[in-house]
>>> print(open('coords.pdb').read())   # PDB, C-alpha atoms and all ligand atoms
ATOM      1  CA  MET A  19     140.526  68.885 150.262
ATOM      2  CA  THR A  20     138.298  71.932 150.125
ATOM      3  CA  ILE A  21     134.547  71.815 150.678
ATOM      4  CA  LYS A  22     133.184  74.589 148.471
ATOM      5  CA  ARG A  23     129.493  74.611 149.314
ATOM      6  CA  LEU A  24     126.418  72.637 150.227
ATOM      7  CA  ASP A  25     125.415  71.395 146.772
ATOM      8  CA  HIS A  26     122.061  69.802 147.511
ATOM      9  CA  ILE A  27     119.923  68.065 150.083
ATOM     10  CA  ALA A  28     118.078  64.992 148.837
ATOM     11  CA  ILE A  29     114.755  63.940 150.310
ATOM     12  CA  VAL A  30     113.137  60.621 149.418
ATOM     13  CA  VAL A  31     109.382  60.789 148.816
ATOM     14  CA  GLN A  32     106.624  58.323 147.909
ATOM     15  CA  ASN A  33     105.234  60.502 145.158
ATOM     16  CA  LEU A  34     106.892  63.551 143.619
ATOM     17  CA  GLU A  35     103.619  65.250 142.611
ATOM     18  CA  ALA A  36     102.277  64.896 146.140
ATOM     19  CA  ALA A  37     105.519  66.237 147.653
ATOM     20  CA  LEU A  38     105.352  69.278 145.352
ATOM     21  CA  GLY A  39     102.086  70.111 147.086
ATOM     22  CA  PHE A  40     104.252  71.131 150.029
ATOM     23  CA  TYR A  41     107.641  72.137 148.638
ATOM     24  CA  ARG A  42     106.397  74.072 145.595
ATOM     25  CA  ASP A  43     102.843  75.046 146.463
ATOM     26  CA  ALA A  44     103.006  75.669 150.226
ATOM     27  CA  LEU A  45     106.652  76.746 150.627
ATOM     28  CA  GLY A  46     106.616  78.512 147.264
ATOM     29  CA  MET A  47     109.902  77.077 145.996
ATOM     30  CA  ALA A  48     110.380  76.974 142.220
ATOM     31  CA  LEU A  49     110.567  73.608 140.481
ATOM     32  CA  THR A  50     113.081  74.051 137.669
ATOM     33  CA  HIS A  51     112.805  70.603 136.147
ATOM     34  CA  VAL A  52     112.010  66.944 136.668
ATOM     35  CA  GLU A  53     114.367  64.284 135.430
ATOM     36  CA  THR A  54     114.045  60.509 135.420
ATOM     37  CA  ILE A  55     117.371  58.738 135.807
ATOM     38  CA  PRO A  56     116.744  55.037 135.119
ATOM     39  CA  GLU A  57     120.288  54.004 136.131
ATOM     40  CA  GLN A  58     119.612  55.443 139.592
ATOM     41  CA  ASP A  59     116.015  54.176 139.746
ATOM     42  CA  VAL A  60     114.670  57.634 140.573
ATOM     43  CA  LYS A  61     112.629  60.506 139.295
ATOM     44  CA  ILE A  62     114.080  63.749 140.653
ATOM     45  CA  GLY A  63     112.464  67.140 141.104
ATOM     46  CA  PHE A  64     114.981  69.992 141.383
ATOM     47  CA  LEU A  65     114.126  73.022 143.549
ATOM     48  CA  PRO A  66     116.924  75.609 143.729
ATOM     49  CA  CYS A  67     117.435  77.392 147.021
ATOM     50  CA  GLY A  68     120.041  80.157 146.860
ATOM     51  CA  ASP A  69     123.400  78.599 146.122
ATOM     52  CA  SER A  70     122.090  75.067 146.812
ATOM     53  CA  GLU A  71     119.052  73.056 145.931
ATOM     54  CA  LEU A  72     116.596  70.537 147.234
ATOM     55  CA  GLU A  73     116.186  67.322 145.300
ATOM     56  CA  LEU A  74     113.007  65.344 145.792
ATOM     57  CA  LEU A  75     113.690  61.705 144.919
ATOM     58  CA  GLU A  76     110.851  59.397 143.992
ATOM     59  CA  PRO A  77     111.984  55.779 143.545
ATOM     60  CA  ILE A  78     110.677  54.311 140.273
ATOM     61  CA  ASN A  79     111.550  50.722 141.143
ATOM     62  CA  PRO A  80     110.583  49.253 144.532
ATOM     63  CA  ASP A  81     113.334  46.614 144.236
ATOM     64  CA  SER A  82     116.152  49.165 143.900
ATOM     65  CA  GLY A  83     118.335  50.323 146.762
ATOM     66  CA  ILE A  84     116.439  53.581 147.115
ATOM     67  CA  GLY A  85     113.080  51.799 146.734
ATOM     68  CA  ARG A  86     113.938  49.483 149.602
ATOM     69  CA  TYR A  87     115.216  52.442 151.642
ATOM     70  CA  LEU A  88     111.842  54.150 151.275
ATOM     71  CA  ALA A  89     109.925  50.978 152.163
ATOM     72  CA  LYS A  90     112.047  50.432 155.258
ATOM     73  CA  ARG A  91     112.656  53.951 156.565
ATOM     74  CA  GLY A  92     109.793  55.933 155.077
ATOM     75  CA  GLU A  93     109.991  59.411 153.602
ATOM     76  CA  GLY A  94     112.608  61.883 154.786
ATOM     77  CA  LEU A  95     116.207  62.990 154.480
ATOM     78  CA  HIS A  96     118.202  60.679 152.218
ATOM     79  CA  HIS A  97     121.569  62.419 151.825
ATOM     80  CA  ILE A  98     123.336  65.738 151.739
ATOM     81  CA  CYS A  99     125.805  66.591 148.992
ATOM     82  CA  LEU A 100     128.928  68.689 149.432
ATOM     83  CA  GLU A 101     130.793  70.144 146.498
ATOM     84  CA  VAL A 102     134.554  69.604 146.513
ATOM     85  CA  ASP A 103     137.197  71.076 144.245
ATOM     86  CA  ASP A 104     138.970  67.760 143.596
ATOM     87  CA  ILE A 105     137.109  64.525 144.266
ATOM     88  CA  GLU A 106     140.124  62.207 143.908
ATOM     89  CA  GLN A 107     142.036  64.301 146.423
ATOM     90  CA  ALA A 108     139.031  64.344 148.754
ATOM     91  CA  LEU A 109     138.716  60.542 148.673
ATOM     92  CA  ALA A 110     142.458  60.112 149.227
ATOM     93  CA  ASP A 111     142.361  62.521 152.200
ATOM     94  CA  LEU A 112     139.361  60.759 153.716
ATOM     95  CA  LYS A 113     140.945  57.328 153.230
ATOM     96  CA  SER A 114     144.111  58.503 154.957
ATOM     97  CA  LYS A 115     141.958  59.624 157.882
ATOM     98  CA  ASP A 116     140.178  56.243 158.029
ATOM     99  CA  ALA A 117     136.751  57.642 157.130
ATOM    100  CA  ALA A 118     134.396  54.896 155.937
ATOM    101  CA  LEU A 119     133.655  55.216 152.219
ATOM    102  CA  ILE A 120     130.978  53.592 150.090
ATOM    103  CA  ASP A 121     132.734  54.563 146.855
ATOM    104  CA  GLU A 122     136.504  54.174 146.765
ATOM    105  CA  THR A 123     136.545  55.784 143.327
ATOM    106  CA  PRO A 124     134.242  58.438 141.827
ATOM    107  CA  ARG A 125     131.271  57.471 139.698
ATOM    108  CA  ARG A 126     129.332  59.495 137.172
ATOM    109  CA  GLY A 127     126.411  61.485 138.586
ATOM    110  CA  ALA A 128     123.893  63.947 137.174
ATOM    111  CA  HIS A 129     126.195  66.988 137.641
ATOM    112  CA  GLY A 130     129.685  65.561 137.508
ATOM    113  CA  ARG A 131     131.663  62.919 139.325
ATOM    114  CA  VAL A 132     130.321  61.817 142.695
ATOM    115  CA  ALA A 133     131.224  59.507 145.580
ATOM    116  CA  PHE A 134     129.272  58.478 148.648
ATOM    117  CA  LEU A 135     130.679  58.260 152.170
ATOM    118  CA  HIS A 136     129.288  55.742 154.627
ATOM    119  CA  PRO A 137     126.734  57.131 157.120
ATOM    120  CA  LYS A 138     128.797  55.660 159.953
ATOM    121  CA  ALA A 139     131.616  58.044 158.985
ATOM    122  CA  ALA A 140     129.292  61.032 159.326
ATOM    123  CA  HIS A 141     127.342  60.230 162.483
ATOM    124  CA  GLY A 142     124.316  58.832 160.738
ATOM    125  CA  VAL A 143     124.100  61.004 157.614
ATOM    126  CA  LEU A 144     124.741  59.700 154.119
ATOM    127  CA  ILE A 145     127.084  62.205 152.445
ATOM    128  CA  GLU A 146     127.665  62.553 148.714
ATOM    129  CA  LEU A 147     130.659  64.461 147.389
ATOM    130  CA  VAL A 148     130.475  66.017 143.939
ATOM    131  CA  GLU A 149     133.085  67.571 141.702
ATOM    132  CA  ARG A 150     130.991  69.544 139.238
ATOM    133  CA  ARG A 151     132.114  69.623 135.662
TER     134      ARG A 151
HETATM  135 CO    CO B 201     122.575  63.620 145.430
END
>>> encode(input="coords.pdb", output="structure tokens")
Amino acid sequence: MTIKRLDHIAIVVQNLEAALGFYRDALGMALTHVETIPEQDVKIGFLPCGDSELELLEPINPDSGIGRYLAKRGEGLHHICLEVDDIEQALADLKSKDAALIDETPRRGAHGRVAFLHPKAAHGVLIELVERR
């Protein structure tokens, strides 16, 4: 398995417009686009940062997993995403090393196939792997 780069950092927010008041207007980062992904119950604002990007996630359904996460934990870091060259190989390697996985097989994400690792595998951080298409 090869980790190619830090793909994105995802931050959960109450309100995307309000969060842009800091990330776009105060920090001066560019917002390239906003996308609502109903299957993931989120509206996402994408802010590129060099070779990576920040994703601001606003839950659109309070009864979804991410909606409940926000209600329980409040705003803040949700996950980091690492790009891998071969996601099947990465999952097989991690399984053989007894790392706790949320997804045993890849699922379809916004940029390619993705899989989530359990935060207990990564010392408290939810990690997403992506194989970009
Ligand atoms: Co992500």
>>> residues_near_ligand(input="coords.pdb", ligand="ligand CO 201 (chain B)", cutoff="7 Å", atoms="only C-alpha atoms and all ligand atoms", output="list of chain:residue names")
A:His26, A:Ile27, A:Ala28, A:His97, A:Ile98, A:Cys99, A:Glu146
>>> resolve_selection(input="coords.pdb", expression="the PyMOL selection byres (((chain A and resi 49) around 7) and not hetatm)", output="list of chain:residue names")
A:Arg42, A:Met47, A:Ala48, A:Thr50, A:His51, A:Gly63, A:Phe64, A:Leu65
>>> resolve_selection(input="coords.pdb", expression="the PyMOL selection byres (((chain A and resi 128-142) around 12) and not hetatm)", output="PyMOL selection string")
chain A and resi 25-26+53-58+60-62+64+73+95-110+112-113+115-127+143-151
>>> closest_residue(input="coords.pdb", among="A:Ile84, A:Lys90, A:Ala37, A:Gly46", to="Cys67 (chain A)", atoms="only C-alpha atoms")
A:Gly46
>>> atom_distance(input="coords.pdb", atom1="CA of Val52 (chain A)", atom2="CA of Leu74 (chain A)")
9.3 Å
>>> atom_distance(input="coords.pdb", atom1="CA of Glu93 (chain A)", atom2="CA of Asn79 (chain A)")
15.3 Å
>>> closest_residue(input="coords.pdb", among="A:Gly85, A:Glu76, A:Asp111, A:Arg91", to="Val31 (chain A)", atoms="all atoms listed in the file")
A:Glu76
>>> atom_distance(input="coords.pdb", atom1="CA of Tyr87 (chain A)", atom2="CA of Leu75 (chain A)")
11.5 Å
>>> closest_residue(input="coords.pdb", among="A:Tyr41, A:Leu88, A:Gly94, A:Leu34", to="Pro66 (chain A)", atoms="all atoms listed in the file")
A:Tyr41
>>> decode(input="coords.pdb", residues="region 56-96 of chain A", atoms="N, CA and C atoms", output="PDB file, in the first residue's frame")
ATOM      1  N   PRO A  56     -27.176  14.189  -1.352  1.00  0.00           N
ATOM      2  CA  PRO A  56     -28.274  13.675  -0.519  1.00  0.00           C
ATOM      3  C   PRO A  56     -27.980  12.299   0.083  1.00  0.00           C
ATOM      4  N   GLU A  57     -27.279  11.430  -0.680  1.00  0.00           N
ATOM      5  CA  GLU A  57     -27.001  10.082  -0.161  1.00  0.00           C
ATOM      6  C   GLU A  57     -26.102  10.140   1.074  1.00  0.00           C
ATOM      7  N   GLN A  58     -25.322  11.232   1.192  1.00  0.00           N
ATOM      8  CA  GLN A  58     -24.447  11.346   2.366  1.00  0.00           C
ATOM      9  C   GLN A  58     -24.991  12.348   3.379  1.00  0.00           C
ATOM     10  N   ASP A  59     -26.189  12.881   3.088  1.00  0.00           N
ATOM     11  CA  ASP A  59     -26.854  13.800   4.025  1.00  0.00           C
ATOM     12  C   ASP A  59     -26.026  15.045   4.336  1.00  0.00           C
ATOM     13  N   VAL A  60     -25.263  15.515   3.357  1.00  0.00           N
ATOM     14  CA  VAL A  60     -24.437  16.701   3.593  1.00  0.00           C
ATOM     15  C   VAL A  60     -24.437  17.659   2.413  1.00  0.00           C
ATOM     16  N   LYS A  61     -24.192  18.904   2.772  1.00  0.00           N
ATOM     17  CA  LYS A  61     -23.835  19.936   1.797  1.00  0.00           C
ATOM     18  C   LYS A  61     -22.361  20.214   2.055  1.00  0.00           C
ATOM     19  N   ILE A  62     -21.550  20.189   0.989  1.00  0.00           N
ATOM     20  CA  ILE A  62     -20.104  20.312   1.157  1.00  0.00           C
ATOM     21  C   ILE A  62     -19.580  21.548   0.438  1.00  0.00           C
ATOM     22  N   GLY A  63     -18.775  22.334   1.124  1.00  0.00           N
ATOM     23  CA  GLY A  63     -18.046  23.419   0.504  1.00  0.00           C
ATOM     24  C   GLY A  63     -16.601  22.995   0.338  1.00  0.00           C
ATOM     25  N   PHE A  64     -16.066  23.140  -0.886  1.00  0.00           N
ATOM     26  CA  PHE A  64     -14.702  22.695  -1.181  1.00  0.00           C
ATOM     27  C   PHE A  64     -13.754  23.893  -1.249  1.00  0.00           C
ATOM     28  N   LEU A  65     -12.688  23.846  -0.451  1.00  0.00           N
ATOM     29  CA  LEU A  65     -11.707  24.939  -0.410  1.00  0.00           C
ATOM     30  C   LEU A  65     -10.315  24.349  -0.615  1.00  0.00           C
ATOM     31  N   PRO A  66      -9.809  24.402  -1.849  1.00  0.00           N
ATOM     32  CA  PRO A  66      -8.490  23.839  -2.142  1.00  0.00           C
ATOM     33  C   PRO A  66      -7.389  24.541  -1.346  1.00  0.00           C
ATOM     34  N   CYS A  67      -6.378  23.741  -1.013  1.00  0.00           N
ATOM     35  CA  CYS A  67      -5.257  24.257  -0.231  1.00  0.00           C
ATOM     36  C   CYS A  67      -4.015  23.522  -0.718  1.00  0.00           C
ATOM     37  N   GLY A  68      -3.314  24.108  -1.699  1.00  0.00           N
ATOM     38  CA  GLY A  68      -2.165  23.418  -2.281  1.00  0.00           C
ATOM     39  C   GLY A  68      -2.611  22.136  -2.948  1.00  0.00           C
ATOM     40  N   ASP A  69      -1.992  21.040  -2.547  1.00  0.00           N
ATOM     41  CA  ASP A  69      -2.259  19.743  -3.146  1.00  0.00           C
ATOM     42  C   ASP A  69      -3.428  19.026  -2.458  1.00  0.00           C
ATOM     43  N   SER A  70      -4.002  19.665  -1.431  1.00  0.00           N
ATOM     44  CA  SER A  70      -5.092  19.070  -0.659  1.00  0.00           C
ATOM     45  C   SER A  70      -6.264  20.031  -0.650  1.00  0.00           C
ATOM     46  N   GLU A  71      -7.287  19.692   0.108  1.00  0.00           N
ATOM     47  CA  GLU A  71      -8.344  20.678   0.284  1.00  0.00           C
ATOM     48  C   GLU A  71      -9.049  20.500   1.614  1.00  0.00           C
ATOM     49  N   LEU A  72      -9.717  21.557   2.009  1.00  0.00           N
ATOM     50  CA  LEU A  72     -10.603  21.497   3.165  1.00  0.00           C
ATOM     51  C   LEU A  72     -12.000  21.264   2.633  1.00  0.00           C
ATOM     52  N   GLU A  73     -12.749  20.426   3.333  1.00  0.00           N
ATOM     53  CA  GLU A  73     -14.161  20.246   3.018  1.00  0.00           C
ATOM     54  C   GLU A  73     -14.954  20.643   4.254  1.00  0.00           C
ATOM     55  N   LEU A  74     -15.858  21.588   4.063  1.00  0.00           N
ATOM     56  CA  LEU A  74     -16.744  21.973   5.163  1.00  0.00           C
ATOM     57  C   LEU A  74     -18.057  21.220   4.964  1.00  0.00           C
ATOM     58  N   LEU A  75     -18.417  20.407   5.933  1.00  0.00           N
ATOM     59  CA  LEU A  75     -19.603  19.550   5.814  1.00  0.00           C
ATOM     60  C   LEU A  75     -20.726  20.094   6.679  1.00  0.00           C
ATOM     61  N   GLU A  76     -21.824  20.439   6.043  1.00  0.00           N
ATOM     62  CA  GLU A  76     -23.013  20.837   6.794  1.00  0.00           C
ATOM     63  C   GLU A  76     -24.059  19.739   6.655  1.00  0.00           C
ATOM     64  N   PRO A  77     -24.415  19.073   7.765  1.00  0.00           N
ATOM     65  CA  PRO A  77     -25.445  18.031   7.679  1.00  0.00           C
ATOM     66  C   PRO A  77     -26.771  18.643   7.217  1.00  0.00           C
ATOM     67  N   ILE A  78     -27.481  17.949   6.328  1.00  0.00           N
ATOM     68  CA  ILE A  78     -28.776  18.458   5.865  1.00  0.00           C
ATOM     69  C   ILE A  78     -29.925  17.676   6.490  1.00  0.00           C
ATOM     70  N   ASN A  79     -29.593  16.672   7.272  1.00  0.00           N
ATOM     71  CA  ASN A  79     -30.623  15.873   7.939  1.00  0.00           C
ATOM     72  C   ASN A  79     -30.146  15.560   9.354  1.00  0.00           C
ATOM     73  N   PRO A  80     -30.848  16.096  10.367  1.00  0.00           N
ATOM     74  CA  PRO A  80     -30.392  15.911  11.750  1.00  0.00           C
ATOM     75  C   PRO A  80     -30.440  14.449  12.204  1.00  0.00           C
ATOM     76  N   ASP A  81     -31.205  13.608  11.489  1.00  0.00           N
ATOM     77  CA  ASP A  81     -31.323  12.206  11.900  1.00  0.00           C
ATOM     78  C   ASP A  81     -30.303  11.299  11.213  1.00  0.00           C
ATOM     79  N   SER A  82     -29.415  11.881  10.404  1.00  0.00           N
ATOM     80  CA  SER A  82     -28.389  11.079   9.736  1.00  0.00           C
ATOM     81  C   SER A  82     -27.219  10.847  10.691  1.00  0.00           C
ATOM     82  N   GLY A  83     -26.313   9.997  10.287  1.00  0.00           N
ATOM     83  CA  GLY A  83     -25.124   9.745  11.097  1.00  0.00           C
ATOM     84  C   GLY A  83     -24.347  11.022  11.367  1.00  0.00           C
ATOM     85  N   ILE A  84     -24.127  11.801  10.326  1.00  0.00           N
ATOM     86  CA  ILE A  84     -23.335  13.027  10.494  1.00  0.00           C
ATOM     87  C   ILE A  84     -24.124  14.092  11.258  1.00  0.00           C
ATOM     88  N   GLY A  85     -25.457  14.088  11.093  1.00  0.00           N
ATOM     89  CA  GLY A  85     -26.297  15.022  11.853  1.00  0.00           C
ATOM     90  C   GLY A  85     -26.229  14.727  13.350  1.00  0.00           C
ATOM     91  N   ARG A  86     -26.269  13.459  13.673  1.00  0.00           N
ATOM     92  CA  ARG A  86     -26.179  13.066  15.092  1.00  0.00           C
ATOM     93  C   ARG A  86     -24.775  13.337  15.640  1.00  0.00           C
ATOM     94  N   TYR A  87     -23.770  13.146  14.800  1.00  0.00           N
ATOM     95  CA  TYR A  87     -22.385  13.437  15.207  1.00  0.00           C
ATOM     96  C   TYR A  87     -22.257  14.907  15.612  1.00  0.00           C
ATOM     97  N   LEU A  88     -22.817  15.781  14.782  1.00  0.00           N
ATOM     98  CA  LEU A  88     -22.752  17.217  15.063  1.00  0.00           C
ATOM     99  C   LEU A  88     -23.499  17.548  16.359  1.00  0.00           C
ATOM    100  N   ALA A  89     -24.681  16.964  16.520  1.00  0.00           N
ATOM    101  CA  ALA A  89     -25.478  17.245  17.726  1.00  0.00           C
ATOM    102  C   ALA A  89     -24.735  16.803  18.981  1.00  0.00           C
ATOM    103  N   LYS A  90     -24.039  15.663  18.864  1.00  0.00           N
ATOM    104  CA  LYS A  90     -23.384  15.095  20.045  1.00  0.00           C
ATOM    105  C   LYS A  90     -22.027  15.725  20.327  1.00  0.00           C
ATOM    106  N   ARG A  91     -21.230  15.912  19.280  1.00  0.00           N
ATOM    107  CA  ARG A  91     -19.837  16.338  19.470  1.00  0.00           C
ATOM    108  C   ARG A  91     -19.598  17.811  19.171  1.00  0.00           C
ATOM    109  N   GLY A  92     -20.545  18.432  18.482  1.00  0.00           N
ATOM    110  CA  GLY A  92     -20.357  19.832  18.104  1.00  0.00           C
ATOM    111  C   GLY A  92     -19.492  19.965  16.857  1.00  0.00           C
ATOM    112  N   GLU A  93     -19.228  21.190  16.466  1.00  0.00           N
ATOM    113  CA  GLU A  93     -18.443  21.449  15.269  1.00  0.00           C
ATOM    114  C   GLU A  93     -16.985  21.037  15.493  1.00  0.00           C
ATOM    115  N   GLY A  94     -16.304  20.736  14.390  1.00  0.00           N
ATOM    116  CA  GLY A  94     -14.875  20.431  14.499  1.00  0.00           C
ATOM    117  C   GLY A  94     -14.441  19.396  13.484  1.00  0.00           C
ATOM    118  N   LEU A  95     -13.239  18.881  13.699  1.00  0.00           N
ATOM    119  CA  LEU A  95     -12.663  17.897  12.779  1.00  0.00           C
ATOM    120  C   LEU A  95     -13.558  16.669  12.688  1.00  0.00           C
ATOM    121  N   HIS A  96     -13.892  16.257  11.478  1.00  0.00           N
ATOM    122  CA  HIS A  96     -14.685  15.038  11.303  1.00  0.00           C
ATOM    123  C   HIS A  96     -13.811  13.879  10.827  1.00  0.00           C
TER     124      HIS A  96
END
